[in-house]
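K.L.:
My structure is stored as data09.pdb, with PDB, C-alpha atoms, pLDDT in the B column.
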```
ATOM      1  CA  MET A   2     100.853 137.651  82.740  1.00 40.00           C
ATOM      2  CA  ALA A   3     100.205 136.504  86.306  1.00 42.00           C
ATOM      3  CA  ASP A   4     102.414 133.878  87.889  1.00 43.00           C
ATOM      4  CA  VAL A   5     100.241 130.753  88.070  1.00 44.00           C
ATOM      5  CA  ALA A   6     102.900 128.412  89.458  1.00 49.00           C
ATOM      6  CA  VAL A   7     101.679 126.746  92.616  1.00 60.00           C
ATOM      7  CA  LYS A   8     104.032 125.767  95.396  1.00 87.00           C
ATOM      8  CA  LEU A   9     102.795 122.444  96.700  1.00 90.00           C
ATOM      9  CA  SER A  10     102.997 121.713 100.403  1.00 91.00           C
ATOM     10  CA  GLU A  11     104.852 118.586 101.468  1.00 92.00           C
ATOM     11  CA  ASP A  12     101.527 116.982 102.457  1.00 94.00           C
ATOM     12  CA  ALA A  13     100.111 117.756  99.003  1.00 94.00           C
ATOM     13  CA  LYS A  14     103.194 116.327  97.290  1.00 95.00           C
ATOM     14  CA  THR A  15     102.988 113.186  99.409  1.00 96.00           C
ATOM     15  CA  ALA A  16      99.306 112.680  98.583  1.00 97.00           C
ATOM     16  CA  ILE A  17      99.829 113.310  94.869  1.00 97.00           C
ATOM     17  CA  VAL A  18     102.897 111.052  94.704  1.00 97.00           C
ATOM     18  CA  ASN A  19     100.867 108.349  96.440  1.00 97.00           C
ATOM     19  CA  GLY A  20      98.181 108.674  93.744  1.00 98.00           C
ATOM     20  CA  LEU A  21     100.781 108.620  90.989  1.00 98.00           C
ATOM     21  CA  THR A  22     102.409 105.538  92.522  1.00 98.00           C
ATOM     22  CA  GLN A  23      99.028 103.781  92.613  1.00 98.00           C
ATOM     23  CA  SER A  24      98.579 104.658  88.945  1.00 98.00           C
ATOM     24  CA  ILE A  25     102.044 103.348  88.073  1.00 98.00           C
ATOM     25  CA  ALA A  26     101.417 100.086  89.935  1.00 98.00           C
ATOM     26  CA  GLU A  27      98.112  99.444  88.200  1.00 98.00           C
ATOM     27  CA  THR A  28      99.419 100.513  84.796  1.00 98.00           C
ATOM     28  CA  SER A  29     102.442  98.227  85.187  1.00 97.00           C
ATOM     29  CA  ILE A  30     100.348  95.181  86.050  1.00 97.00           C
ATOM     30  CA  GLU A  31      97.966  95.953  83.179  1.00 98.00           C
ATOM     31  CA  THR A  32     100.912  96.344  80.779  1.00 97.00           C
ATOM     32  CA  MET A  33     102.164  92.858  81.582  1.00 96.00           C
ATOM     33  CA  LYS A  34      98.649  91.400  81.472  1.00 97.00           C
ATOM     34  CA  ALA A  35      98.010  92.851  77.999  1.00 97.00           C
ATOM     35  CA  GLN A  36     101.375  91.566  76.802  1.00 97.00           C
ATOM     36  CA  ASN A  37     100.654  88.093  78.205  1.00 97.00           C
ATOM     37  CA  TYR A  38      97.286  88.072  76.430  1.00 97.00           C
ATOM     38  CA  HIS A  39      99.018  89.262  73.242  1.00 97.00           C
ATOM     39  CA  TRP A  40     101.306  86.232  73.444  1.00 96.00           C
ATOM     40  CA  ASN A  41      98.548  83.744  74.212  1.00 96.00           C
ATOM     41  CA  VAL A  42      95.406  84.855  72.380  1.00 97.00           C
ATOM     42  CA  LYS A  43      94.015  82.390  69.862  1.00 96.00           C
ATOM     43  CA  GLY A  44      90.802  81.762  67.960  1.00 91.00           C
ATOM     44  CA  MET A  45      88.935  83.384  65.101  1.00 91.00           C
ATOM     45  CA  ALA A  46      89.662  86.906  66.392  1.00 92.00           C
ATOM     46  CA  PHE A  47      93.390  86.241  66.818  1.00 95.00           C
ATOM     47  CA  GLY A  48      94.589  88.935  64.383  1.00 96.00           C
ATOM     48  CA  PRO A  49      92.626  91.920  65.653  1.00 96.00           C
ATOM     49  CA  LEU A  50      93.001  90.972  69.326  1.00 97.00           C
ATOM     50  CA  HIS A  51      96.719  90.261  68.977  1.00 98.00           C
ATOM     51  CA  ALA A  52      97.147  93.746  67.485  1.00 98.00           C
ATOM     52  CA  LEU A  53      94.834  95.445  70.015  1.00 98.00           C
ATOM     53  CA  PHE A  54      96.593  93.887  72.986  1.00 98.00           C
ATOM     54  CA  GLN A  55      99.927  95.095  71.576  1.00 98.00           C
ATOM     55  CA  THR A  56      98.540  98.612  71.165  1.00 98.00           C
ATOM     56  CA  ILE A  57      97.442  98.529  74.803  1.00 98.00           C
ATOM     57  CA  TYR A  58     100.708  97.308  76.279  1.00 98.00           C
ATOM     58  CA  GLU A  59     102.791  99.689  74.177  1.00 98.00           C
ATOM     59  CA  ASP A  60     100.619 102.629  75.232  1.00 98.00           C
ATOM     60  CA  HIS A  61     100.792 101.581  78.876  1.00 98.00           C
ATOM     61  CA  PHE A  62     104.563 101.123  78.806  1.00 97.00           C
ATOM     62  CA  THR A  63     104.948 104.736  77.712  1.00 97.00           C
ATOM     63  CA  ALA A  64     102.388 105.855  80.306  1.00 98.00           C
ATOM     64  CA  GLN A  65     104.358 104.196  83.111  1.00 97.00           C
ATOM     65  CA  ASP A  66     107.355 106.297  82.178  1.00 97.00           C
ATOM     66  CA  ASP A  67     105.329 109.516  81.975  1.00 97.00           C
ATOM     67  CA  LEU A  68     103.754 108.891  85.388  1.00 98.00           C
ATOM     68  CA  ALA A  69     107.127 108.019  86.919  1.00 97.00           C
ATOM     69  CA  GLU A  70     108.728 111.143  85.492  1.00 97.00           C
ATOM     70  CA  ARG A  71     105.976 113.210  87.142  1.00 97.00           C
ATOM     71  CA  VAL A  72     106.862 111.598  90.480  1.00 97.00           C
ATOM     72  CA  ARG A  73     110.491 112.603  89.938  1.00 96.00           C
ATOM     73  CA  ALA A  74     109.451 116.123  88.922  1.00 95.00           C
ATOM     74  CA  LEU A  75     107.719 116.370  92.304  1.00 95.00           C
ATOM     75  CA  GLY A  76     111.017 115.412  93.951  1.00 94.00           C
ATOM     76  CA  ALA A  77     110.073 111.911  95.093  1.00 96.00           C
ATOM     77  CA  HIS A  78     111.553 108.465  94.593  1.00 96.00           C
ATOM     78  CA  VAL A  79     109.788 106.222  92.075  1.00 97.00           C
ATOM     79  CA  GLU A  80     108.866 102.768  93.342  1.00 92.00           C
ATOM     80  CA  GLY A  81     109.877 100.195  90.761  1.00 91.00           C
ATOM     81  CA  ARG A  82     109.532  96.787  92.384  1.00 93.00           C
ATOM     82  CA  LEU A  83     107.014  94.478  90.754  1.00 92.00           C
ATOM     83  CA  SER A  84     106.356  92.796  94.090  1.00 93.00           C
ATOM     84  CA  THR A  85     105.254  96.138  95.510  1.00 93.00           C
ATOM     85  CA  PHE A  86     103.116  96.832  92.451  1.00 95.00           C
ATOM     86  CA  LEU A  87     101.366  93.474  92.867  1.00 94.00           C
ATOM     87  CA  LYS A  88     100.623  94.183  96.527  1.00 95.00           C
ATOM     88  CA  ARG A  89      99.382  97.678  95.839  1.00 95.00           C
ATOM     89  CA  SER A  90      97.455  97.239  92.587  1.00 95.00           C
ATOM     90  CA  ARG A  91      93.723  96.640  92.491  1.00 96.00           C
ATOM     91  CA  ILE A  92      94.375  95.022  89.099  1.00 95.00           C
ATOM     92  CA  GLU A  93      95.369  91.394  89.356  1.00 93.00           C
ATOM     93  CA  GLU A  94      97.865  89.718  87.098  1.00 90.00           C
ATOM     94  CA  CYS A  95      96.579  87.070  84.702  1.00 85.00           C
ATOM     95  CA  GLU A  96      96.475  83.485  85.796  1.00 82.00           C
ATOM     96  CA  GLY A  97      96.498  80.422  83.572  1.00 85.00           C
ATOM     97  CA  LYS A  98      94.813  79.829  80.269  1.00 93.00           C
ATOM     98  CA  ILE A  99      91.631  81.739  79.495  1.00 95.00           C
ATOM     99  CA  SER A 100      89.539  82.300  76.384  1.00 96.00           C
ATOM    100  CA  ASP A 101      89.873  85.303  74.109  1.00 96.00           C
ATOM    101  CA  LYS A 102      86.504  86.614  75.376  1.00 96.00           C
ATOM    102  CA  GLU A 103      87.663  86.334  78.998  1.00 96.00           C
ATOM    103  CA  MET A 104      90.845  88.205  78.082  1.00 97.00           C
ATOM    104  CA  VAL A 105      88.835  91.012  76.511  1.00 97.00           C
ATOM    105  CA  LYS A 106      86.436  91.222  79.482  1.00 97.00           C
ATOM    106  CA  LYS A 107      89.245  91.287  82.046  1.00 97.00           C
ATOM    107  CA  LEU A 108      91.139  93.984  80.157  1.00 98.00           C
ATOM    108  CA  ALA A 109      87.969  96.060  79.746  1.00 98.00           C
ATOM    109  CA  ASP A 110      87.245  95.833  83.476  1.00 98.00           C
ATOM    110  CA  ASP A 111      90.840  96.798  84.228  1.00 98.00           C
ATOM    111  CA  GLN A 112      90.705  99.778  81.875  1.00 98.00           C
ATOM    112  CA  GLU A 113      87.667 101.070  83.745  1.00 98.00           C
ATOM    113  CA  LEU A 114      89.468 100.600  87.045  1.00 98.00           C
ATOM    114  CA  LEU A 115      92.529 102.442  85.737  1.00 98.00           C
ATOM    115  CA  SER A 116      90.316 105.286  84.561  1.00 98.00           C
ATOM    116  CA  SER A 117      88.752 105.490  88.022  1.00 98.00           C
ATOM    117  CA  THR A 118      92.168 105.559  89.706  1.00 98.00           C
ATOM    118  CA  LEU A 119      93.292 108.368  87.425  1.00 98.00           C
ATOM    119  CA  ILE A 120      90.106 110.409  87.888  1.00 98.00           C
ATOM    120  CA  SER A 121      90.651 110.196  91.660  1.00 98.00           C
ATOM    121  CA  LEU A 122      94.212 111.407  91.104  1.00 98.00           C
ATOM    122  CA  ALA A 123      92.956 114.252  88.883  1.00 98.00           C
ATOM    123  CA  VAL A 124      90.514 115.396  91.573  1.00 98.00           C
ATOM    124  CA  LEU A 125      93.227 115.246  94.261  1.00 98.00           C
ATOM    125  CA  ALA A 126      95.699 117.159  92.099  1.00 97.00           C
ATOM    126  CA  ASP A 127      93.054 119.784  91.316  1.00 96.00           C
ATOM    127  CA  GLN A 128      92.292 120.225  95.012  1.00 96.00           C
ATOM    128  CA  HIS A 129      95.963 121.055  95.574  1.00 96.00           C
ATOM    129  CA  GLY A 130      96.316 123.252  92.491  1.00 94.00           C
ATOM    130  CA  ASP A 131      98.631 120.801  90.703  1.00 96.00           C
ATOM    131  CA  LEU A 132      97.371 121.439  87.180  1.00 95.00           C
ATOM    132  CA  VAL A 133     100.143 119.410  85.549  1.00 96.00           C
ATOM    133  CA  THR A 134      99.260 116.183  87.364  1.00 97.00           C
ATOM    134  CA  ASN A 135      95.566 116.978  86.956  1.00 98.00           C
ATOM    135  CA  ASP A 136      95.964 117.316  83.184  1.00 98.00           C
ATOM    136  CA  MET A 137      98.088 114.176  82.917  1.00 98.00           C
ATOM    137  CA  ALA A 138      95.594 112.134  84.937  1.00 98.00           C
ATOM    138  CA  ILE A 139      92.598 113.352  82.916  1.00 98.00           C
ATOM    139  CA  GLU A 140      94.391 112.611  79.649  1.00 98.00           C
ATOM    140  CA  ARG A 141      95.306 109.099  80.806  1.00 98.00           C
ATOM    141  CA  SER A 142      91.760 108.494  82.035  1.00 98.00           C
ATOM    142  CA  GLN A 143      90.449 109.348  78.569  1.00 98.00           C
ATOM    143  CA  VAL A 144      92.837 106.809  77.028  1.00 98.00           C
ATOM    144  CA  HIS A 145      91.633 104.082  79.399  1.00 98.00           C
ATOM    145  CA  ASP A 146      87.980 104.972  78.754  1.00 98.00           C
ATOM    146  CA  LYS A 147      88.603 104.596  75.021  1.00 98.00           C
ATOM    147  CA  PHE A 148      90.356 101.247  75.447  1.00 98.00           C
ATOM    148  CA  ALA A 149      87.474 100.048  77.651  1.00 98.00           C
ATOM    149  CA  TRP A 150      84.975 101.070  74.950  1.00 98.00           C
ATOM    150  CA  ILE A 151      86.972  99.328  72.205  1.00 98.00           C
ATOM    151  CA  LEU A 152      87.323  96.171  74.277  1.00 98.00           C
ATOM    152  CA  ARG A 153      83.635  96.117  75.284  1.00 97.00           C
ATOM    153  CA  SER A 154      82.682  96.533  71.623  1.00 96.00           C
ATOM    154  CA  HIS A 155      84.336  93.163  70.949  1.00 95.00           C
ATOM    155  CA  LEU A 156      81.927  91.561  73.427  1.00 93.00           C
ATOM    156  CA  GLU A 157      78.690  92.906  71.902  1.00 90.00           C
TER     157      GLU A 157
END
```
I need this file expressed as structure tokens, please.

P.N.:
Amino acid sequence: MADVAVKLSEDAKTAIVNGLTQSIAETSIETMKAQNYHWNVKGMAFGPLHALFQTIYEDHFTAQDDLAERVRALGAHVEGRLSTFLKRSRIEECEGKISDKEMVKKLADDQELLSSTLISLAVLADQHGDLVTNDMAIERSQVHDKFAWILRSHLE
């Protein structure tokens, strides 16, 4: 069997870690947003939305750890400050009281953004031969696409 391990250059590692850090930042903000919506959702769809939002934040909490462990596996330091995540993330934290439909729409939009971030990471990792990060990013993108579909289905 041929040796398929790829030695990443320092520039490649830096670029990939940057993409992973972006993914962690956005996933972290989305985790807290979904949990906040879980706490505050009300209305006729309370039960299913309360449960869905919990499913999302629990999934995302695990994903943060997986992404961070990949950063460590690449030999880099994992950024963990929420203030840095807020500055870096294209996902905004929730503000004030909003309706259940607004919660669902915002989370759906965010899931699509997260998927886009991860697809960009997958492409970058593939360009550098980092199949592990590529696979992880594609898998996470699929999860976010599914959550976006589920959320959008609530709006139809």

K.L.:
Evaluating the PyMOL selection byres ((chain A and resi 104-113) around 7) on the displayed file yields which residues, as a count of residues only?

P.N.:
17

K.L.:
Pick from A:Lys43, A:His155, A:Lys34, A:Lys8: nearest to A:Cys95, with only C-alpha atoms counted?

P.N.:
A:Lys34

K.L.:
Report the residues retrieved by the PyMOL selection byres ((chain A and resi 33) around 12) from the displayed file, expressed as a PyMOL selection string.

P.N.:
chain A and resi 26-32+34-40+54-55+57-62+65+83+86-87+92-96+108

K.L.:
Restricting the calculation to only C-alpha atoms: of A:Phe47, A:Thr56, A:Leu75, A:Ala123, which residue gets closest to A:Glu11?

P.N.:
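Ranking A:Phe47, A:Thr56, A:Leu75, A:Ala123 by distance to A:Glu11, first place goes to A:Leu75.
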
K.L.:
Identify, on the basis of all atoms listed in the file, every residue whose closest approach to A:Asp127 does not exceed 12 Å; exclude the query and any residue fewer than 2 positions from it along the same chain; express the result as a PyMOL selection string.

P.N.:
chain A and resi 7+9+13+16-17+120-125+129-139

K.L.:
Between atom CA of A:Arg141 and atom CA of A:Ser154, what is the spacing in Å?

P.N.:
20.0 Å

K.L.:
May I ask for the distance between atom CA of A:Lys88 and atom CA of A:Ala69, given in Å to one decimal place?

P.N.:
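Those two atoms sit 18.1 Å apart.
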
K.L.:
For A:Thr63, which residue among A:Gln128, A:Gly44, A:Ser142, A:Ile25 is the nearest when counting all atoms listed in the file?

P.N.:
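Under the stated criterion, the closest residue is A:Ile25.
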
K.L.:
I need the residue set behind the PyMOL selection byres ((chain A and resi 18) around 10) for this file; please write it as a PyMOL selection string.

P.N.:
chain A and resi 12-17+19-24+68-69+71-73+75-79+122+126+134

K.L.:
Using the selection just defined, write its residues with C-alpha atoms as an mmCIF file, keeping the file's coordinate frame.

P.N.:
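Output contents, as saved in selection.cif:
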```cif
data_model
loop_
_atom_site.group_PDB
_atom_site.id
_atom_site.type_symbol
_atom_site.label_atom_id
_atom_site.label_comp_id
_atom_site.auth_asym_id
_atom_site.auth_seq_id
_atom_site.Cartn_x
_atom_site.Cartn_y
_atom_site.Cartn_z
ATOM 1 C CA ASP A 12 101.527 116.982 102.457
ATOM 2 C CA ALA A 13 100.111 117.756 99.003
ATOM 3 C CA LYS A 14 103.194 116.327 97.290
ATOM 4 C CA THR A 15 102.988 113.186 99.409
ATOM 5 C CA ALA A 16 99.306 112.680 98.583
ATOM 6 C CA ILE A 17 99.829 113.310 94.869
ATOM 7 C CA ASN A 19 100.867 108.349 96.440
ATOM 8 C CA GLY A 20 98.181 108.674 93.744
ATOM 9 C CA LEU A 21 100.781 108.620 90.989
ATOM 10 C CA THR A 22 102.409 105.538 92.522
ATOM 11 C CA GLN A 23 99.028 103.781 92.613
ATOM 12 C CA SER A 24 98.579 104.658 88.945
ATOM 13 C CA LEU A 68 103.754 108.891 85.388
ATOM 14 C CA ALA A 69 107.127 108.019 86.919
ATOM 15 C CA ARG A 71 105.976 113.210 87.142
ATOM 16 C CA VAL A 72 106.862 111.598 90.480
ATOM 17 C CA ARG A 73 110.491 112.603 89.938
ATOM 18 C CA LEU A 75 107.719 116.370 92.304
ATOM 19 C CA GLY A 76 111.017 115.412 93.951
ATOM 20 C CA ALA A 77 110.073 111.911 95.093
ATOM 21 C CA HIS A 78 111.553 108.465 94.593
ATOM 22 C CA VAL A 79 109.788 106.222 92.075
ATOM 23 C CA LEU A 122 94.212 111.407 91.104
ATOM 24 C CA ALA A 126 95.699 117.159 92.099
ATOM 25 C CA THR A 134 99.260 116.183 87.364
#
```

K.L.:
So the first atom is atom CA of A:Ala64 and the second is atom CA of A:Pro49; what is the distance between them in Å, to one decimal place?

P.N.:
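About the pair atom CA of A:Ala64 and atom CA of A:Pro49: they are 22.5 Å apart.
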